[in-house]
>>> print(open('final35.cif').read())   # mmCIF, C-alpha atoms and all ligand atoms
data_run
#
loop_
_atom_site.label_atom_id
_atom_site.label_comp_id
_atom_site.auth_asym_id
_atom_site.auth_seq_id
_atom_site.Cartn_x
_atom_site.Cartn_y
_atom_site.Cartn_z
CA MET I 212 0.34 44.85 -19.83
CA LYS I 213 2.07 45.06 -16.49
CA TYR I 214 4.08 42.00 -15.37
CA CYS I 215 5.49 41.18 -11.93
CA THR I 216 9.08 42.33 -11.59
CA ARG I 217 9.95 39.13 -9.71
CA CYS I 218 7.88 36.31 -11.24
CA ALA I 219 6.12 36.34 -14.61
CA TYR I 220 2.45 36.90 -13.81
CA PRO I 221 0.54 39.55 -15.74
CA GLU I 222 -1.88 41.99 -14.16
CA ASN I 223 -4.83 40.35 -15.97
CA HIS I 224 -4.51 37.09 -14.00
CA PRO I 225 -8.12 35.84 -13.77
CA LEU I 226 -7.83 35.14 -10.03
CA GLY I 227 -6.90 38.78 -9.41
CA ILE I 228 -3.44 40.07 -8.62
CA VAL I 229 -2.06 43.32 -7.19
CA PHE I 230 1.40 44.84 -7.42
CA ASP I 231 3.25 46.78 -4.71
CA ASP I 232 5.57 49.81 -5.04
CA GLU I 233 8.39 47.59 -6.25
CA GLY I 234 6.22 46.00 -8.92
CA VAL I 235 6.14 42.67 -7.04
CA CYS I 236 2.84 40.77 -7.18
CA SER I 237 0.68 39.65 -4.28
CA GLY I 238 1.48 35.98 -5.07
CA CYS I 239 5.20 36.60 -4.60
CA ARG I 240 4.64 38.54 -1.37
CA VAL I 241 2.43 35.86 0.17
CA HIS I 242 5.02 33.29 -0.89
CA GLU I 243 7.62 35.11 1.23
CA GLU I 244 5.57 34.14 4.29
CA LYS I 245 6.71 30.57 3.75
CA ASP I 246 10.16 31.58 4.95
CA GLU I 247 8.86 33.65 7.88
CA ILE I 248 6.41 31.19 9.37
CA ASP I 249 7.54 28.85 12.14
CA TRP I 250 6.29 25.66 10.51
CA LEU I 251 7.05 23.50 13.54
CA GLU I 252 4.69 25.68 15.55
CA LYS I 253 2.11 25.41 12.77
CA GLU I 254 2.38 21.66 12.83
CA LYS I 255 1.79 21.59 16.58
CA GLU I 256 -1.26 23.77 16.06
CA PHE I 257 -2.50 21.35 13.41
CA VAL I 258 -2.08 18.37 15.75
CA GLN I 259 -4.31 20.17 18.27
CA ILE I 260 -6.92 20.93 15.62
CA LEU I 261 -6.97 17.28 14.50
CA LYS I 262 -7.23 15.87 18.02
CA PRO I 263 -11.04 15.86 18.39
CA TYR I 264 -11.45 14.23 14.97
CA LYS I 265 -9.20 11.30 15.75
CA LYS I 266 -11.03 8.09 16.43
CA ARG I 267 -14.39 9.74 17.04
CA SER I 268 -16.88 7.34 18.50
CA GLY I 269 -19.45 6.01 16.07
CA SER I 270 -17.43 6.63 12.95
CA TYR I 271 -14.91 4.49 11.16
CA TYR I 272 -13.35 7.39 9.22
CA ASP I 273 -11.71 10.41 10.86
CA CYS I 274 -11.67 12.57 7.75
CA ILE I 275 -12.08 12.73 4.00
CA ILE I 276 -9.21 13.45 1.62
CA PRO I 277 -10.11 14.38 -1.96
CA VAL I 278 -7.52 12.77 -4.23
CA THR I 279 -6.59 12.48 -7.89
CA GLY I 280 -3.78 10.50 -9.46
CA ASN I 281 -1.57 13.56 -8.81
CA GLY I 282 1.60 13.46 -6.69
CA ASP I 283 0.30 15.99 -4.16
CA SER I 284 -2.49 13.54 -3.24
CA TYR I 285 0.12 11.04 -2.10
CA PHE I 286 1.77 13.72 0.01
CA VAL I 287 -1.48 14.70 1.75
CA VAL I 288 -2.55 11.11 2.42
CA ASP I 289 0.93 10.13 3.62
CA MET I 290 1.01 13.07 6.06
CA ILE I 291 -2.52 12.65 7.36
CA LYS I 292 -2.42 8.89 7.71
CA ASN I 293 1.18 8.12 8.60
CA LYS I 294 2.35 11.29 10.33
CA PHE I 295 -0.80 12.61 12.00
CA GLY I 296 -2.41 9.19 12.51
CA LEU I 297 -5.91 9.75 11.13
CA ASN I 298 -7.93 7.15 9.24
CA PRO I 299 -8.95 8.91 6.03
CA LEU I 300 -11.55 7.99 3.42
CA LEU I 301 -10.19 8.91 -0.01
CA VAL I 302 -12.65 10.29 -2.56
CA THR I 303 -12.23 11.09 -6.24
CA TYR I 304 -14.47 12.81 -8.73
CA ASN I 305 -13.69 11.15 -12.05
CA PRO I 306 -12.53 13.87 -14.50
CA GLN I 307 -13.13 11.47 -17.42
CA PHE I 308 -10.07 12.86 -19.25
CA ASN I 309 -7.85 10.30 -17.53
CA THR I 310 -4.46 9.27 -18.86
CA LYS I 311 -2.96 5.81 -18.49
CA VAL I 312 -0.24 7.10 -16.18
CA GLY I 313 -2.89 8.87 -14.10
CA ILE I 314 -4.94 5.71 -13.65
CA ARG I 315 -1.81 3.83 -12.62
CA ASN I 316 -0.75 6.53 -10.18
CA LEU I 317 -4.20 6.60 -8.55
CA ALA I 318 -4.24 2.80 -8.20
CA ARG I 319 -0.71 2.97 -6.78
CA LEU I 320 -1.79 5.61 -4.26
CA ILE I 321 -4.67 3.45 -2.96
CA LYS I 322 -2.48 0.35 -2.81
CA GLU I 323 0.67 1.88 -1.33
CA LEU I 324 -1.11 4.05 1.22
CA ASP I 325 -3.66 1.28 1.81
CA CYS I 326 -6.81 3.39 2.18
CA ASP I 327 -10.50 2.97 1.41
CA HIS I 328 -11.49 4.91 -1.69
CA LEU I 329 -14.70 6.11 -3.35
CA LEU I 330 -14.88 7.12 -7.01
CA ASN I 331 -17.73 9.16 -8.44
CA THR I 332 -18.18 8.86 -12.19
CA VAL I 333 -21.12 10.76 -13.65
CA GLY I 334 -22.72 9.44 -16.82
CA PRO I 335 -20.41 10.45 -19.67
CA LYS I 336 -23.31 12.01 -21.59
CA THR I 337 -24.02 14.32 -18.66
CA ALA I 338 -20.34 15.31 -18.43
CA LYS I 339 -20.37 16.10 -22.15
CA ARG I 340 -23.64 18.04 -22.03
CA VAL I 341 -22.43 20.11 -19.10
CA SER I 342 -19.08 20.75 -20.81
CA LYS I 343 -20.79 21.87 -24.02
CA ILE I 344 -23.00 24.34 -22.15
CA MET I 345 -20.06 25.72 -20.17
CA LEU I 346 -17.92 26.07 -23.26
CA LYS I 347 -20.59 28.43 -24.62
CA LYS I 348 -21.42 30.12 -21.31
CA LEU I 349 -17.90 30.55 -19.94
CA GLY I 350 -15.51 29.44 -22.66
CA ASP I 351 -14.58 26.61 -20.31
CA ILE I 352 -14.62 22.84 -20.93
CA TYR I 353 -13.44 21.95 -17.43
CA TRP I 354 -16.26 23.20 -15.20
CA HIS I 355 -17.65 19.70 -14.59
CA VAL I 356 -14.29 18.63 -13.15
CA LEU I 357 -13.92 21.73 -10.95
CA ALA I 358 -17.51 21.53 -9.71
CA GLY I 359 -17.56 17.75 -9.32
CA SER I 360 -14.27 17.55 -7.46
CA GLN I 361 -15.26 20.33 -5.06
CA THR I 362 -18.75 18.93 -4.48
CA PHE I 363 -18.32 15.16 -4.16
CA PRO I 364 -16.15 15.26 -1.00
CA VAL I 365 -18.74 17.49 0.71
CA GLN I 366 -21.59 15.18 -0.35
CA VAL I 367 -19.70 12.20 1.08
CA ALA I 368 -19.02 14.10 4.31
CA VAL I 369 -22.73 14.78 4.72
CA LYS I 370 -23.80 11.28 3.75
CA PHE I 371 -21.36 9.44 6.02
CA ASN I 372 -21.33 12.06 8.77
CA ILE I 373 -17.58 12.75 8.54
CA PRO I 374 -16.96 16.28 9.85
CA LEU I 375 -13.52 16.97 8.37
CA ILE I 376 -12.19 17.33 4.82
CA ILE I 377 -8.49 17.89 4.28
CA TRP I 378 -7.45 19.54 1.05
CA GLY I 379 -3.89 20.08 -0.18
CA VAL I 380 -2.67 23.57 -0.88
CA HIS I 381 -5.02 26.50 -1.42
CA GLY I 382 -4.33 27.12 -5.11
CA TRP I 383 -5.37 30.77 -5.15
CA LEU I 384 -3.28 31.57 -2.10
CA ASP I 385 -0.29 29.88 -3.68
CA GLN I 386 -0.64 31.45 -7.13
CA VAL I 387 -1.79 35.01 -6.60
CA GLY I 388 -1.81 35.53 -2.85
CA MET I 389 -5.58 35.91 -2.66
CA PHE I 390 -5.26 35.08 1.00
CA SER I 391 -2.34 35.11 3.40
CA HIS I 392 -1.16 31.93 5.15
CA TYR I 393 -1.98 33.82 8.36
CA ASP I 394 -5.68 33.99 7.37
CA GLN I 395 -5.84 30.19 7.73
CA VAL I 396 -8.70 30.25 5.24
CA GLU I 397 -10.96 27.20 5.15
CA MET I 398 -13.02 25.73 2.32
CA THR I 399 -16.52 27.20 2.23
CA LYS I 400 -19.46 27.17 -0.15
CA LYS I 401 -18.95 30.87 -0.89
CA VAL I 402 -15.27 30.55 -1.76
CA ARG I 403 -16.04 27.52 -3.92
CA LYS I 404 -18.65 29.31 -5.97
CA GLU I 405 -16.99 32.71 -6.32
CA HIS I 406 -13.50 31.54 -7.12
CA GLY I 407 -13.62 27.86 -7.96
CA LEU I 408 -16.65 27.76 -10.21
CA ARG I 409 -16.55 31.14 -11.94
CA ARG I 410 -19.70 32.18 -10.04
CA ILE I 411 -21.80 29.54 -11.83
CA ASP I 412 -23.64 26.99 -9.72
CA ALA I 413 -25.36 23.78 -10.85
CA GLU I 414 -28.86 25.29 -10.58
CA MET I 415 -27.93 27.79 -13.28
CA LEU I 416 -27.57 24.94 -15.79
CA ILE I 417 -31.18 23.85 -15.53
CA GLY I 418 -33.10 24.64 -18.69
CA GLU I 419 -29.94 25.04 -20.79
CA ASP I 420 -30.35 21.61 -22.40
CA PRO I 421 -33.71 19.78 -22.56
CA ASP I 422 -31.89 16.50 -21.88
CA LEU I 423 -30.29 17.79 -18.71
CA SER I 424 -32.52 17.61 -15.63
CA ALA I 425 -31.91 18.72 -12.05
CA LYS I 426 -31.41 15.03 -11.22
CA ASP I 427 -28.60 14.76 -13.79
CA LEU I 428 -26.87 17.62 -12.01
CA GLN I 429 -26.81 16.06 -8.55
CA ALA I 430 -23.04 15.46 -8.78
CA PHE I 431 -22.54 19.24 -9.01
CA THR I 432 -25.17 20.25 -6.46
CA TYR I 433 -23.66 21.30 -3.16
CA PRO I 434 -25.34 20.10 0.05
CA SER I 435 -27.50 22.70 1.78
CA ASN I 436 -26.18 24.92 4.58
CA ILE I 437 -28.34 22.99 7.06
CA GLU I 438 -26.87 19.65 5.99
CA ILE I 439 -23.35 21.05 6.31
CA GLU I 440 -24.10 22.54 9.74
CA ASN I 441 -25.58 19.26 10.93
CA VAL I 442 -22.28 17.51 10.24
CA LYS I 443 -20.34 20.51 11.68
CA LEU I 444 -18.15 20.20 8.63
CA ARG I 445 -14.75 21.89 8.35
CA GLY I 446 -12.57 21.95 5.24
CA LEU I 447 -8.89 22.53 6.08
CA TYR I 448 -5.97 23.16 3.76
CA LEU I 449 -2.82 21.28 4.69
CA GLY I 450 -0.82 24.03 2.97
CA ASN I 451 -1.69 26.36 5.86
CA TYR I 452 0.08 24.07 8.35
CA VAL I 453 2.91 22.49 6.37
CA ARG I 454 5.39 24.38 4.19
CA TRP I 455 4.16 23.67 0.68
CA ASP I 456 6.70 22.70 -1.96
CA ALA I 457 5.09 20.52 -4.61
CA GLN I 458 8.28 19.74 -6.48
CA LYS I 459 10.14 18.52 -3.42
CA GLN I 460 7.11 16.68 -2.11
CA ILE I 461 6.66 14.76 -5.35
CA GLU I 462 10.37 13.94 -5.56
CA ASP I 463 10.00 12.31 -2.14
CA ILE I 464 6.88 10.48 -3.36
CA ILE I 465 8.74 9.18 -6.41
CA ALA I 466 11.46 7.79 -4.15
CA LYS I 467 9.08 6.43 -1.54
CA TYR I 468 6.18 5.04 -3.59
CA GLY I 469 7.37 4.80 -7.18
CA TYR I 470 5.08 7.56 -8.49
CA GLU I 471 5.46 7.78 -12.27
CA SER I 472 6.19 11.16 -13.83
CA ALA I 473 5.55 11.92 -17.50
CA PRO I 474 6.35 14.62 -20.06
CA GLN I 475 3.62 17.14 -20.84
CA GLU I 476 2.77 19.07 -23.97
CA ARG I 477 2.30 22.51 -22.53
CA THR I 478 4.72 22.66 -19.62
CA PHE I 479 8.14 21.48 -18.52
CA ASN I 480 6.77 20.18 -15.20
CA THR I 481 6.62 16.37 -15.45
CA TYR I 482 4.97 15.84 -12.05
CA GLU I 483 1.68 17.66 -11.88
CA THR I 484 -1.61 17.34 -13.79
CA ILE I 485 -0.25 14.36 -15.75
CA TYR I 486 -3.25 12.32 -14.56
CA CYS I 487 -5.60 14.37 -16.72
CA ALA I 488 -5.15 14.95 -20.45
CA ALA I 489 -7.26 18.10 -20.40
CA ASN I 490 -5.93 19.91 -17.33
CA ALA I 491 -2.65 21.25 -18.73
CA GLY I 492 -4.01 20.40 -22.21
CA VAL I 493 -7.13 22.02 -23.68
CA HIS I 494 -8.35 23.46 -20.38
CA ASP I 495 -5.12 25.35 -19.94
CA PHE I 496 -4.92 26.22 -23.64
CA THR I 497 -8.27 28.01 -23.29
CA LYS I 498 -6.73 30.02 -20.44
CA TYR I 499 -4.02 31.09 -22.86
CA LEU I 500 -6.62 31.97 -25.52
CA LYS I 501 -8.42 34.14 -22.98
CA TYR I 502 -5.63 35.72 -20.93
CA GLY I 503 -2.47 35.22 -22.97
CA PHE I 504 -0.69 32.93 -20.52
CA GLY I 505 -0.85 29.27 -19.49
CA LYS I 506 0.41 26.52 -17.21
CA ALA I 507 4.10 27.02 -18.02
CA THR I 508 3.76 30.54 -16.58
CA ASP I 509 2.22 29.11 -13.39
CA HIS I 510 5.05 26.62 -13.02
CA VAL I 511 7.75 29.19 -13.80
CA CYS I 512 6.37 31.64 -11.22
CA ARG I 513 6.43 28.99 -8.54
CA ASP I 514 9.94 27.84 -9.39
CA ILE I 515 11.22 31.43 -9.32
CA ARG I 516 9.67 31.95 -5.89
CA LEU I 517 11.27 28.73 -4.61
CA ASN I 518 14.74 29.91 -5.73
CA ARG I 519 14.93 27.24 -8.43
CA MET I 520 14.85 29.26 -11.62
CA SER I 521 15.93 32.66 -12.89
CA ARG I 522 13.27 34.93 -14.36
CA GLU I 523 15.14 34.83 -17.68
CA LYS I 524 15.17 31.04 -17.91
CA GLY I 525 11.53 31.03 -16.93
CA ILE I 526 10.61 33.47 -19.69
CA ALA I 527 12.38 31.25 -22.24
CA LEU I 528 10.29 28.29 -21.06
CA ILE I 529 7.07 30.31 -21.18
CA ASN I 530 7.98 31.31 -24.72
CA LYS I 531 8.40 27.65 -25.62
CA TYR I 532 5.20 26.25 -24.11
CA ASP I 533 2.37 28.70 -23.39
CA HIS I 534 1.16 29.17 -26.98
CA LYS I 535 1.38 25.49 -27.97
CA ILE I 536 -1.79 23.97 -29.43
CA PRO I 537 -2.20 20.64 -27.60
CA GLN I 538 -2.41 17.44 -29.62
CA SER I 539 -5.16 16.38 -27.26
CA LEU I 540 -7.37 19.13 -28.75
CA SER I 541 -8.58 16.71 -31.44
CA THR I 542 -9.40 14.09 -28.79
CA LEU I 543 -11.37 16.71 -26.89
CA LEU I 544 -13.25 17.88 -30.00
CA ASN I 545 -14.13 14.24 -30.68
CA TRP I 546 -15.28 13.76 -27.11
CA LEU I 547 -17.50 16.85 -27.28
CA ASP I 548 -18.51 16.13 -30.87
CA ILE I 549 -17.83 19.69 -32.03
CA THR I 550 -15.64 21.16 -34.78
CA LYS I 551 -12.49 23.19 -34.31
CA GLU I 552 -14.36 26.28 -35.56
CA GLN I 553 -17.10 25.79 -32.99
CA PHE I 554 -14.46 25.48 -30.29
CA TYR I 555 -12.63 28.68 -31.23
CA ASN I 556 -15.88 30.58 -31.83
CA SER I 557 -16.97 29.69 -28.31
CA ILE I 558 -13.72 30.93 -26.79
CA ASP I 559 -13.45 34.19 -28.75
CA PRO I 560 -16.06 36.19 -26.78
CA PHE I 561 -14.03 35.52 -23.63
CA ARG I 562 -10.68 36.77 -24.90
CA ASP I 563 -9.31 39.57 -22.76
CA LEU I 564 -9.01 42.47 -25.21
CA ASN I 565 -6.34 44.05 -23.02
CA ILE I 566 -3.97 41.36 -24.24
CA TRP I 567 -5.56 40.06 -27.49
CA GLY I 568 -6.26 42.01 -30.66
CA LYS I 569 -6.77 41.23 -34.33
CA ASP I 570 -4.20 41.95 -37.02
CA SER I 571 -5.09 43.38 -40.44
CA ASN I 572 -6.09 39.90 -41.65
CA GLY I 573 -8.49 39.43 -38.76
CA THR I 574 -6.23 36.90 -37.01
CA TRP I 575 -5.97 37.07 -33.22
CA GLU I 576 -2.57 38.13 -31.94
CA LEU I 577 -1.12 38.96 -28.55
CA LYS I 578 -0.64 42.68 -27.98
CA ASP I 579 2.00 42.06 -25.34
CA SER I 580 3.90 39.22 -23.72
CA ILE I 581 6.35 38.62 -20.87
CA ILE I 582 9.03 38.43 -23.60
CA ASN I 583 8.81 42.21 -23.86
CA HIS I 584 9.42 42.60 -20.12
CA VAL I 585 12.80 40.94 -19.62
CA ASP I 586 14.50 44.26 -18.78
CA ASP I 587 11.73 46.14 -17.00
CA PRO I 588 13.02 48.65 -14.43
CA GLY I 589 13.29 47.36 -10.87
CA ILE I 590 13.88 43.71 -11.71
CA GLU I 591 17.36 43.61 -10.17
CA ASP I 592 16.11 45.18 -6.91
CA VAL I 593 13.70 42.32 -6.20
CA ARG I 594 15.57 39.40 -7.78
CA LEU I 595 15.71 36.17 -5.77
CA PRO I 596 18.86 34.05 -5.73
CA VAL I 597 18.75 30.73 -7.60
CA ASN I 598 20.30 28.63 -4.84
CA ASP I 599 18.27 25.44 -5.27
CA PRO I 600 18.15 24.70 -9.00
CA ARG I 601 16.42 21.42 -9.80
CA ASN I 602 15.33 19.55 -12.89
CA TYR I 603 12.08 17.64 -13.06
CA ILE I 604 12.79 13.93 -12.98
CA GLU I 605 11.38 11.79 -15.77
CA THR I 606 10.77 8.34 -14.35
CA GLU I 607 10.50 5.24 -16.47
CA LEU I 608 6.93 4.74 -17.67
CA LEU I 609 5.31 1.31 -17.49
CA GLU I 610 3.42 2.08 -20.72
CA PRO I 611 4.04 4.65 -23.47
CA HIS I 612 2.37 8.02 -22.87
CA LEU I 613 0.98 9.64 -26.02
CA PHE I 614 -0.59 13.08 -26.07
CA ASN I 615 -3.33 12.09 -28.51
CA ASP I 616 -4.31 8.94 -26.56
CA ASP I 617 -8.04 8.52 -26.06
CA PHE I 618 -9.33 9.73 -22.71
CA ILE I 619 -9.79 6.83 -20.33
CA LEU I 620 -13.02 6.63 -18.34
CA MET I 621 -11.58 4.13 -15.88
CA GLY I 622 -9.21 1.18 -15.85
CA ARG I 623 -7.98 0.56 -19.36
CA SER I 624 -9.47 2.11 -22.47
CA TYR I 625 -11.70 0.15 -24.87
CA MET I 626 -8.96 0.42 -27.46
CA ASP I 627 -6.50 -1.38 -25.19
CA GLU I 628 -8.98 -4.15 -24.48
CA PHE I 629 -9.64 -4.49 -28.20
CA ASN I 630 -5.94 -4.77 -28.99
CA PHE I 631 -5.45 -7.19 -26.14
CA LYS I 632 -8.18 -9.46 -27.50
CA ALA I 633 -6.77 -9.12 -30.99
CA ILE I 634 -3.36 -10.27 -29.76
CA GLU I 635 -4.90 -13.14 -27.81
CA GLY I 636 -7.13 -14.31 -30.65
ZN ZN I 701 5.15 37.84 -8.75
#
>>> encode(input="final35.cif", output="structure tokens")
Amino acid sequence: MKYCTRCAYPENHPLGIVFDDEGVCSGCRVHEEKDEIDWLEKEKEFVQILKPYKKRSGSYYDCIIPVTGNGDSYFVVDMIKNKFGLNPLLVTYNPQFNTKVGIRNLARLIKELDCDHLLNTVGPKTAKRVSKIMLKKLGDIYWHVLAGSQTFPVQVAVKFNIPLIIWGVHGWLDQVGMFSHYDQVEMTKKVRKEHGLRRIDAEMLIGEDPDLSAKDLQAFTYPSNIEIENVKLRGLYLGNYVRWDAQKQIEDIIAKYGYESAPQERTFNTYETIYCAANAGVHDFTKYLKYGFGKATDHVCRDIRLNRMSREKGIALINKYDHKIPQSLSTLLNWLDITKEQFYNSIDPFRDLNIWGKDSNGTWELKDSIINHVDDPGIEDVRLPVNDPRNYIETELLEPHLFNDDFILMGRSYMDEFNFKAIEG
């Protein structure tokens, strides 16, 4: 397997990655643009783009901002509301794998930034049915979250006639350099389906489960082109207009709004994805089972590019985290009502055989790993200085954070309420 000589991404990255003559990946090259772009100019451009949306007649809201309990949501809302002066409507698709700290951070976001908020929670049975089908079809338990969170904001835009959605960073641009910052790519139906949803749309689920009707799938069904055109909807990424640096942004949010950080099982980053037990948990573990790398690799690559970590330190962290079986796997198996064998059997057909093989006992093993590429030729030629080393802050948590906690649908879990009553009575 070929690995980037600067970061730690392998050539089998599922979003697609290319290497140049120096062995540097497209993600690293696009990241370099962050230091070339005149961000003040970009910001001015953004102000002009936002102008017609501000205080439109006949509408209370200027734009929609999709949010989770994640730190980057605070950053986007803070910028759009307090810096650029728009009145946003916040919307959230409920991932149903919520953690206590995530629920608190989302409530804190709504309270501190003082915005109206809509939450879409699909019937839990539907979420489970969809997840079961997608586990078999794609080896993916997380499709309902990806589809729901990319669909709900657009449905709300159409329903309330709000012509602007503002997303955070474009994840595929940031990770693998699928697009350049200069492309100023916007959110479209095509991009959503091809890259966000693994080319599977809601209609393709009909008939897969007799208990799952087209009506059940409305939360994942994108509005029609005509509906979108009628609203003249645009989906902008703030990361194209503001220099994106999630770690620094969330450190500011911790100081400004008291955002809680929390340790995670499968990565050293205590800021991101902590709102959802499955995101860096089982969802990311399945990525490892398919492609041989996980969330810790994503976080290492970013920190290397931001001059915060050496490649060597990053590789040591990847070695520590990427292969870890999450404790939340048992919670997920319970939630889906499947056995461990069924889970692994569903993932196996999707393993990339360029990186996975079976040993003489029939056990899956990695054929290669970044560990074997510490001294690849050319590394010194493209090495970035580590001139801004930072550790991830662990804030005090208002409640203990356990990795095998039950998923919380909303508010507090049943178990908490039960214990609360037990203490009272
Ligand atoms: Zn790279």
>>> closest_residue(input="final35.cif", among="I:Val597, I:Leu613, I:Leu444, I:Leu357", to="I:Thr542", atoms="all atoms listed in the file")
I:Leu613
>>> residues_around(input="final35.cif", residues="I:Asp509", least_positions_apart="6", cutoff="12 Å", atoms="only C-alpha atoms", output="VMD selection string")
chain I and resid 218 to 221 224 238 to 239 382 to 383 385 to 387 477 to 480 483 491 495 498 to 499 515 to 516 525 to 526 528 to 529 532 to 533
>>> closest_residue(input="final35.cif", among="I:Cys236, I:Leu226, I:Leu500, I:Met389", to="ligand ZN 701 (chain I)", atoms="all atoms listed in the file")
I:Cys236
>>> closest_residue(input="final35.cif", among="I:Lys255, I:Arg513, I:Lys266, I:His584", to="ligand ZN 701 (chain I)", atoms="only C-alpha atoms and all ligand atoms")
I:Arg513
>>> residues_near_point(input="final35.cif", point="(7.1, 5.5, -4.8)", cutoff="10 Å", atoms="all atoms listed in the file", output="short mmCIF file (atom, residue, chain, number, x, y, z; two decimals) with C-alpha atoms, in the frame of the given file")
data_model
loop_
_atom_site.label_atom_id
_atom_site.label_comp_id
_atom_site.auth_asym_id
_atom_site.auth_seq_id
_atom_site.Cartn_x
_atom_site.Cartn_y
_atom_site.Cartn_z
CA GLY I 282 1.60 13.46 -6.69
CA TYR I 285 0.12 11.04 -2.10
CA ASN I 316 -0.75 6.53 -10.18
CA ARG I 319 -0.71 2.97 -6.78
CA LEU I 320 -1.79 5.61 -4.26
CA GLU I 323 0.67 1.88 -1.33
CA ILE I 461 6.66 14.76 -5.35
CA GLU I 462 10.37 13.94 -5.56
CA ASP I 463 10.00 12.31 -2.14
CA ILE I 464 6.88 10.48 -3.36
CA ILE I 465 8.74 9.18 -6.41
CA ALA I 466 11.46 7.79 -4.15
CA LYS I 467 9.08 6.43 -1.54
CA TYR I 468 6.18 5.04 -3.59
CA GLY I 469 7.37 4.80 -7.18
CA TYR I 470 5.08 7.56 -8.49
CA GLU I 471 5.46 7.78 -12.27
#
>>> closest_residue(input="final35.cif", among="I:Cys274, I:Val369, I:Ile417, I:Leu620", to="I:Trp546", atoms="all atoms listed in the file")
I:Leu620
>>> decode(input="final35.cif", residues="stretch 250-255 of chain I", atoms="all heavy atoms", output="tab-separated table (two decimals), in the first residue's frame")
chain	number	residue	atom	x	y	z
I	250	TRP	N	-7.51	35.40	3.16
I	250	TRP	CA	-8.79	35.11	3.82
I	250	TRP	C	-9.59	36.37	4.11
I	250	TRP	O	-10.82	36.32	4.19
I	250	TRP	CB	-8.57	34.27	5.09
I	250	TRP	CG	-8.13	32.88	4.77
I	250	TRP	CD1	-6.88	32.36	4.91
I	250	TRP	CD2	-8.94	31.83	4.21
I	250	TRP	NE1	-6.85	31.05	4.47
I	250	TRP	CE2	-8.11	30.71	4.04
I	250	TRP	CE3	-10.28	31.74	3.82
I	250	TRP	CZ2	-8.57	29.49	3.52
I	250	TRP	CZ3	-10.74	30.53	3.30
I	250	TRP	CH2	-9.89	29.43	3.15
I	251	LEU	N	-8.91	37.50	4.25
I	251	LEU	CA	-9.66	38.74	4.47
I	251	LEU	C	-10.48	39.09	3.22
I	251	LEU	O	-11.63	39.53	3.30
I	251	LEU	CB	-8.71	39.89	4.81
I	251	LEU	CG	-8.31	39.97	6.29
I	251	LEU	CD1	-7.29	41.08	6.50
I	251	LEU	CD2	-9.54	40.19	7.19
I	252	GLU	N	-9.84	38.84	2.06
I	252	GLU	CA	-10.55	39.07	0.79
I	252	GLU	C	-11.74	38.12	0.68
I	252	GLU	O	-12.83	38.50	0.24
I	252	GLU	CB	-9.60	38.85	-0.39
I	252	GLU	CG	-8.76	40.05	-0.74
I	252	GLU	CD	-9.61	41.30	-1.00
I	252	GLU	OE1	-10.56	41.22	-1.80
I	252	GLU	OE2	-9.33	42.35	-0.38
I	253	LYS	N	-11.50	36.87	1.08
I	253	LYS	CA	-12.56	35.84	1.03
I	253	LYS	C	-13.75	36.25	1.89
I	253	LYS	O	-14.90	36.06	1.52
I	253	LYS	CB	-12.01	34.50	1.53
I	253	LYS	CG	-11.25	33.74	0.50
I	253	LYS	CD	-12.21	32.95	-0.38
I	253	LYS	CE	-11.53	32.71	-1.71
I	253	LYS	NZ	-12.44	32.35	-2.76
I	254	GLU	N	-13.42	36.79	3.04
I	254	GLU	CA	-14.47	37.19	3.97
I	254	GLU	C	-15.31	38.33	3.38
I	254	GLU	O	-16.54	38.32	3.48
I	254	GLU	CB	-13.81	37.64	5.28
I	254	GLU	CG	-14.60	37.25	6.51
I	254	GLU	CD	-13.84	37.58	7.77
I	254	GLU	OE1	-12.96	36.80	8.16
I	254	GLU	OE2	-14.11	38.64	8.35
I	255	LYS	N	-14.62	39.25	2.73
I	255	LYS	CA	-15.34	40.36	2.08
I	255	LYS	C	-16.28	39.83	0.99
I	255	LYS	O	-17.40	40.29	0.84
I	255	LYS	CB	-14.33	41.34	1.44
I	255	LYS	CG	-13.66	42.26	2.46
I	255	LYS	CD	-12.75	43.25	1.74
I	255	LYS	CE	-11.75	43.85	2.72
I	255	LYS	NZ	-10.58	44.41	2.04
